[in-house]
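A.B. asks: Would you mind keeping the following structure in view while I ask a few things?
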Amino acid sequence: MFSVKNVNAALGTVLSSKELSFTDDAYPAALLADGLKDILERVVPAVVDDVYNVLLEQNVLPTQVQFLLKKGYRYVVDMDEDTRRGLEEGRLKLVTEHGKMTAQIREANGQYGPKLPIKKEYLSAELNPLQVVNILQINALQDKLQIITEQINMIDIGVQRILQGQQNDRIGLYYSGMNLYQESKYIADNELKNALTAQALRALSEAAYQLTLTMQSDIQYLVDKKYREARGNSAEVIKERMNGIKQSFAVIHQAFLLRAGIYCELNELAAMSMVLDGYAQFIENTIAKHADRLVQWDEDDDGTEKGFWRSRAKLKTTVSDLTRQLNATDKPIYLSIV
Amino acid sequence: MSCLKGCINKKCETNKNKQTYPEKFDYCPKCGERLYYVCKECYTQLPDGSKQYCELCWEKKQNAKEKAVDAVAALVDLIPNGGAAVKNIADTIGKFSNRRK
């Protein structure tokens with residue numbers, strides 16, 4: 001039922017972070033992919049095994065799961081609480097023939113037809129329904145992680161192209177955070193290591209949010225058509241602004257991914273999901289909102305769903321779903337019990 | 001002025017040739033994929049059929065017209081007392097360049 005093969009195939013397209021240097025543009029995505037791979041390989045199958053062992057030991061598979069595994073359908077007798085209580089208290093009785101409880105079908109001509117047996121299925125009192133729900137949730141989670149990884153990979157390829165040869169102040173804070181994180185990996189003292197990691201996360205957060213503001217300001221400039229002031233040269237002004245927007249986006253993407261990757265490496269899954277959610281919010285507020293126009297200002301975009309900007313707009317829904325699942329308070333995160 | 005549609009299927013020959021179709025066409029006659037509104041100039045997919053050109057191509061066209069108007073205006077400045085007719089032409093081009101479609 002459960003397989004991490006598909007996810008590994010998707011993740012396998014990304015090089016391992018161990019094979020890359022810290023300064024490599026592909027490093028943040030690789031670090032996050034490694035973390036997600038680790039979750040799926042180590043944690044999720046173990047949880048599913050635990051739950052299935054419980055079910056198998058009791059020799060009772062819940063009806064819902066059986067339905068998911070089987071094709072076709074079957075009829076069940078549905079009765080309200082009063083009827084059920086009436087049966088238990090002996091006030092009502094179902095007809096029993098040859099030791100089997102039956103329900104009778106009324107044919108189209110009004111005559112009574114064959115009798116169908118009613119089977120009473122017991123739900124185990126020891127079985128926690130939450131476990132059943134979690135099997136389904138983990139499967140859904142697996143799908144979400146796979147989709148997110150695929151989408152991030154696609155974005156990452158575009159981002160790496162933009163980042164190539166980029167040398168400006170936009171990238172400074174991001175590299176500061178990246179270097180602090182790199183240094184923290186070589187520090188033996190735990191306190192100092194944690195402090196440096198925290199500083200790295202802060203620098204990355206600042207880089208992302210400062211550039212978000214810059215990017216929003218650039219987009220607003222274009223939305224307000226202020227480029228019209230450059231008479232005879234407005235197309236060039238649009239191109240320049242779009243170049244800035246793409247550069248900002250590239251660094252924001254890297255900063256969010258690296259932060260998520262660091263949290264994932266530290267096994268702080270809820271924090272990781274919050275970072276991804278922040279990224280999704282950024283995508284929604286800054287990109288998805290203006291995707292229709294961004295594609296028209298960007299001469300490298302063909303405007304299709306697979307294009308540079310529209311493909312990014314899709315990431316939002318998937319990440320939001322993942323965050324909701326990871327942060328659901330009424331359902332314990334099985335990912336953290338192993 | 002009607003907007004144009006195009007096939008966004010990258011494997012389709014009409015996409016490679018940037019062939020456009022009238023608005024009444026809904027599906028590509030070559031590959032059968034759905035047709036979308038595209039920019040008349042660069043073939044970028046447009047969100048709706050309200051414009052013929054994407055914003056960038058529209059600006060490029062505007063820039064070309066503005067440069068032409070400016071060139072004429074510069075010419076008018078060079079002709080003492082005799083540029084009225086030329087100025088009228090420049091105004092006409094200017095009015096034309098302000099039309100969106």
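Within each chain, counting starts at residue 1; across the structure tokens, chains are named A, B, ... in the order shown, with ligands numbered 1 upward in that order.
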Once you count only C-alpha atoms, which residues of chain B turn out to be within 7 Å of chain A? Could you give them as an NGL selection string?

C.D. replies: :B and (44-47 or 54-56 or 59-60 or 63-64 or 66-67)

A.B. asks: Go ahead and write the selection's residues with N, CA and C atoms as an mmCIF file, in the first residue's frame.

C.D. replies:
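Output (part18.cif):
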```cif
data_model
loop_
_atom_site.group_PDB
_atom_site.id
_atom_site.type_symbol
_atom_site.label_atom_id
_atom_site.label_comp_id
_atom_site.auth_asym_id
_atom_site.auth_seq_id
_atom_site.Cartn_x
_atom_site.Cartn_y
_atom_site.Cartn_z
ATOM 1 N N THR B 44 2.906 35.370 -26.669
ATOM 2 C CA THR B 44 2.723 35.079 -25.243
ATOM 3 C C THR B 44 1.240 34.864 -24.974
ATOM 4 N N GLN B 45 0.942 33.868 -24.161
ATOM 5 C CA GLN B 45 -0.475 33.604 -23.837
ATOM 6 C C GLN B 45 -1.032 34.750 -22.995
ATOM 7 N N LEU B 46 -2.202 35.249 -23.378
ATOM 8 C CA LEU B 46 -2.820 36.369 -22.660
ATOM 9 C C LEU B 46 -3.988 35.862 -21.805
ATOM 10 N N PRO B 47 -4.267 36.537 -20.691
ATOM 11 C CA PRO B 47 -5.322 36.043 -19.790
ATOM 12 C C PRO B 47 -6.719 36.089 -20.391
ATOM 13 N N CYS B 54 0.591 41.841 -25.757
ATOM 14 C CA CYS B 54 0.972 41.809 -24.350
ATOM 15 C C CYS B 54 1.494 43.205 -23.985
ATOM 16 N N GLU B 55 1.639 43.448 -22.702
ATOM 17 C CA GLU B 55 2.006 44.793 -22.250
ATOM 18 C C GLU B 55 3.363 45.241 -22.818
ATOM 19 N N LEU B 56 4.316 44.307 -22.848
ATOM 20 C CA LEU B 56 5.655 44.666 -23.309
ATOM 21 C C LEU B 56 5.649 45.006 -24.811
ATOM 22 N N GLU B 59 4.070 48.306 -25.374
ATOM 23 C CA GLU B 59 4.982 49.405 -25.047
ATOM 24 C C GLU B 59 6.023 49.592 -26.140
ATOM 25 N N LYS B 60 6.497 48.484 -26.688
ATOM 26 C CA LYS B 60 7.493 48.579 -27.769
ATOM 27 C C LYS B 60 6.912 49.328 -28.975
ATOM 28 N N ASN B 63 6.642 52.956 -28.044
ATOM 29 C CA ASN B 63 7.962 53.589 -28.085
ATOM 30 C C ASN B 63 8.350 53.953 -29.513
ATOM 31 N N ALA B 64 8.084 53.030 -30.431
ATOM 32 C CA ALA B 64 8.423 53.282 -31.840
ATOM 33 C C ALA B 64 7.663 54.508 -32.348
ATOM 34 N N GLU B 66 6.328 56.924 -30.478
ATOM 35 C CA GLU B 66 6.786 58.124 -29.753
ATOM 36 C C GLU B 66 8.097 58.651 -30.342
ATOM 37 N N LYS B 67 8.969 57.702 -30.677
ATOM 38 C CA LYS B 67 10.249 58.118 -31.262
ATOM 39 C C LYS B 67 10.026 58.798 -32.613
#
```

A.B. asks: Would you list, as a PDB file with N, CA and C atoms, in the first residue's frame, the residues of segment 4-63 of chain B that end up in strand (DSSP E) under DSSP run on this structure's backbone?

C.D. replies:
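Final file, out-v8.pdb:
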```pdb
ATOM      1  N   LYS B   5      -6.096  34.092 -31.462  1.00  0.00           N
ATOM      2  CA  LYS B   5      -5.830  32.919 -30.633  1.00  0.00           C
ATOM      3  C   LYS B   5      -4.674  32.120 -31.224  1.00  0.00           C
ATOM      4  N   GLY B   6      -4.056  31.305 -30.365  1.00  0.00           N
ATOM      5  CA  GLY B   6      -2.943  30.482 -30.826  1.00  0.00           C
ATOM      6  C   GLY B   6      -2.888  29.180 -30.070  1.00  0.00           C
ATOM      7  N   CYS B   7      -2.150  28.236 -30.601  1.00  0.00           N
ATOM      8  CA  CYS B   7      -2.005  26.927 -29.953  1.00  0.00           C
ATOM      9  C   CYS B   7      -0.785  26.972 -29.029  1.00  0.00           C
ATOM     10  N   THR B  20      -1.552  32.135 -35.912  1.00  0.00           N
ATOM     11  CA  THR B  20      -2.690  32.639 -35.137  1.00  0.00           C
ATOM     12  C   THR B  20      -4.006  32.312 -35.841  1.00  0.00           C
ATOM     13  N   TYR B  21      -5.062  32.286 -35.029  1.00  0.00           N
ATOM     14  CA  TYR B  21      -6.399  31.973 -35.543  1.00  0.00           C
ATOM     15  C   TYR B  21      -7.380  33.050 -35.110  1.00  0.00           C
ATOM     16  N   LEU B  35      -7.350  26.354 -27.983  1.00  0.00           N
ATOM     17  CA  LEU B  35      -6.629  27.570 -28.359  1.00  0.00           C
ATOM     18  C   LEU B  35      -6.815  28.634 -27.279  1.00  0.00           C
ATOM     19  N   TYR B  36      -5.803  29.443 -27.093  1.00  0.00           N
ATOM     20  CA  TYR B  36      -5.875  30.533 -26.112  1.00  0.00           C
ATOM     21  C   TYR B  36      -5.543  31.851 -26.792  1.00  0.00           C
ATOM     22  N   TYR B  37      -5.956  32.936 -26.149  1.00  0.00           N
ATOM     23  CA  TYR B  37      -5.606  34.254 -26.680  1.00  0.00           C
ATOM     24  C   TYR B  37      -4.096  34.439 -26.569  1.00  0.00           C
TER      25      TYR B  37
END
```

A.B. asks: What's around segment 189-196 of chain A at 12 Å? Count only C-alpha atoms, leave out sequence neighbours fewer than 4 positions away in its own chain, and write the answer as an mmCIF file with N, CA and C atoms, in the first residue's frame.

C.D. replies:
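To be explicit, this is the file written out as out.cif:
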```
data_model
loop_
_atom_site.group_PDB
_atom_site.id
_atom_site.type_symbol
_atom_site.label_atom_id
_atom_site.label_comp_id
_atom_site.auth_asym_id
_atom_site.auth_seq_id
_atom_site.Cartn_x
_atom_site.Cartn_y
_atom_site.Cartn_z
ATOM 1 N N SER A 176 25.380 35.962 3.732
ATOM 2 C CA SER A 176 25.748 36.091 5.146
ATOM 3 C C SER A 176 25.108 34.955 5.950
ATOM 4 N N GLY A 177 23.817 34.748 5.741
ATOM 5 C CA GLY A 177 23.103 33.669 6.443
ATOM 6 C C GLY A 177 23.660 32.313 6.075
ATOM 7 N N MET A 178 23.937 32.145 4.800
ATOM 8 C CA MET A 178 24.466 30.870 4.315
ATOM 9 C C MET A 178 25.820 30.562 4.957
ATOM 10 N N ASN A 179 26.711 31.600 5.035
ATOM 11 C CA ASN A 179 28.036 31.382 5.616
ATOM 12 C C ASN A 179 27.967 31.102 7.112
ATOM 13 N N LEU A 180 27.060 31.801 7.799
ATOM 14 C CA LEU A 180 26.904 31.550 9.237
ATOM 15 C C LEU A 180 26.464 30.101 9.470
ATOM 16 N N TYR A 181 25.561 29.644 8.623
ATOM 17 C CA TYR A 181 25.086 28.259 8.764
ATOM 18 C C TYR A 181 26.228 27.282 8.493
ATOM 19 N N GLN A 182 27.004 27.608 7.469
ATOM 20 C CA GLN A 182 28.149 26.755 7.122
ATOM 21 C C GLN A 182 29.124 26.678 8.302
ATOM 22 N N GLU A 183 29.414 27.843 8.911
ATOM 23 C CA GLU A 183 30.339 27.862 10.052
ATOM 24 C C GLU A 183 29.785 27.063 11.223
ATOM 25 N N SER A 184 28.481 27.194 11.423
ATOM 26 C CA SER A 184 27.861 26.508 12.571
ATOM 27 C C SER A 184 28.026 24.982 12.472
ATOM 28 N N LYS A 185 28.139 24.479 11.258
ATOM 29 C CA LYS A 185 28.274 23.030 11.083
ATOM 30 C C LYS A 185 29.615 22.513 11.601
ATOM 31 N N ALA A 200 22.032 32.639 11.608
ATOM 32 C CA ALA A 200 21.927 32.320 10.179
ATOM 33 C C ALA A 200 20.470 32.378 9.737
ATOM 34 N N LEU A 201 19.609 31.789 10.572
ATOM 35 C CA LEU A 201 18.171 31.796 10.239
ATOM 36 C C LEU A 201 17.640 33.225 10.191
ATOM 37 N N ARG A 202 18.133 34.039 11.115
ATOM 38 C CA ARG A 202 17.671 35.434 11.149
ATOM 39 C C ARG A 202 18.117 36.195 9.898
ATOM 40 N N ALA A 203 19.392 36.003 9.543
ATOM 41 C CA ALA A 203 19.905 36.692 8.348
ATOM 42 C C ALA A 203 19.124 36.258 7.103
ATOM 43 N N ILE A 262 17.165 24.030 6.757
ATOM 44 C CA ILE A 262 17.835 24.018 8.072
ATOM 45 C C ILE A 262 16.876 23.477 9.132
ATOM 46 N N LEU A 266 17.159 20.063 11.381
ATOM 47 C CA LEU A 266 17.095 20.075 12.853
ATOM 48 C C LEU A 266 15.873 19.321 13.375
#
```

A.B. asks: Can you tell me, as a PyMOL selection string, which residues in chain B count as alpha helix (DSSP H) by DSSP?

C.D. replies: chain B and resi 13-16+55-78+84-98

A.B. asks: Find the residues near segment 255-259 of chain A: any atom within 7 Å, counting only C-alpha atoms, skip ones fewer than 5 places away on the same chain, and give them as a ChimeraX atom specification.

C.D. replies: /A:28-29,32,174,201,204,207-208,275,279

A.B. asks: Please produce an output containing N, CA and C atoms for each residue in the selection, written as a PDB file, in the first residue's frame.

C.D. replies:
```
ATOM      1  N   PRO A  28      20.462  25.018  -1.378  1.00  0.00           N
ATOM      2  CA  PRO A  28      19.246  25.092  -0.530  1.00  0.00           C
ATOM      3  C   PRO A  28      18.190  24.057  -0.905  1.00  0.00           C
ATOM      4  N   ALA A  29      17.949  23.915  -2.204  1.00  0.00           N
ATOM      5  CA  ALA A  29      16.940  22.941  -2.633  1.00  0.00           C
ATOM      6  C   ALA A  29      17.385  21.528  -2.296  1.00  0.00           C
ATOM      7  N   LEU A  32      16.921  20.871   1.484  1.00  0.00           N
ATOM      8  CA  LEU A  32      15.500  20.617   1.805  1.00  0.00           C
ATOM      9  C   LEU A  32      15.084  19.245   1.283  1.00  0.00           C
ATOM     10  N   TYR A 174      21.768  37.162   2.058  1.00  0.00           N
ATOM     11  CA  TYR A 174      21.542  35.729   1.875  1.00  0.00           C
ATOM     12  C   TYR A 174      22.838  34.953   2.077  1.00  0.00           C
ATOM     13  N   LEU A 201      19.609  31.789  10.572  1.00  0.00           N
ATOM     14  CA  LEU A 201      18.171  31.796  10.239  1.00  0.00           C
ATOM     15  C   LEU A 201      17.640  33.225  10.191  1.00  0.00           C
ATOM     16  N   LEU A 204      18.823  34.983   7.022  1.00  0.00           N
ATOM     17  CA  LEU A 204      18.076  34.479   5.861  1.00  0.00           C
ATOM     18  C   LEU A 204      16.665  35.041   5.837  1.00  0.00           C
ATOM     19  N   ALA A 207      16.914  38.654   4.784  1.00  0.00           N
ATOM     20  CA  ALA A 207      17.183  38.725   3.337  1.00  0.00           C
ATOM     21  C   ALA A 207      15.889  38.522   2.559  1.00  0.00           C
ATOM     22  N   ALA A 208      15.137  37.504   2.972  1.00  0.00           N
ATOM     23  CA  ALA A 208      13.896  37.177   2.246  1.00  0.00           C
ATOM     24  C   ALA A 208      12.897  38.321   2.333  1.00  0.00           C
ATOM     25  N   VAL A 275       7.780  27.961   7.547  1.00  0.00           N
ATOM     26  CA  VAL A 275       8.607  28.672   6.549  1.00  0.00           C
ATOM     27  C   VAL A 275       8.012  28.457   5.155  1.00  0.00           C
ATOM     28  N   TYR A 279       6.490  31.122   2.549  1.00  0.00           N
ATOM     29  CA  TYR A 279       6.846  31.168   1.128  1.00  0.00           C
ATOM     30  C   TYR A 279       5.568  31.152   0.284  1.00  0.00           C
TER      31      TYR A 279
END
```

A.B. asks: One number please: atom CA of Ser217 of chain A to atom CA of Gly172 of chain A, in Å, one decimal.

C.D. replies: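 Between these atoms lies a distance of 19.4 Å.
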
A.B. asks: Closest to Lys24 of chain B among B:Cys3, B:Val38, B:Ala74, B:Ile79, using only C-alpha atoms?

C.D. replies: B:Cys3
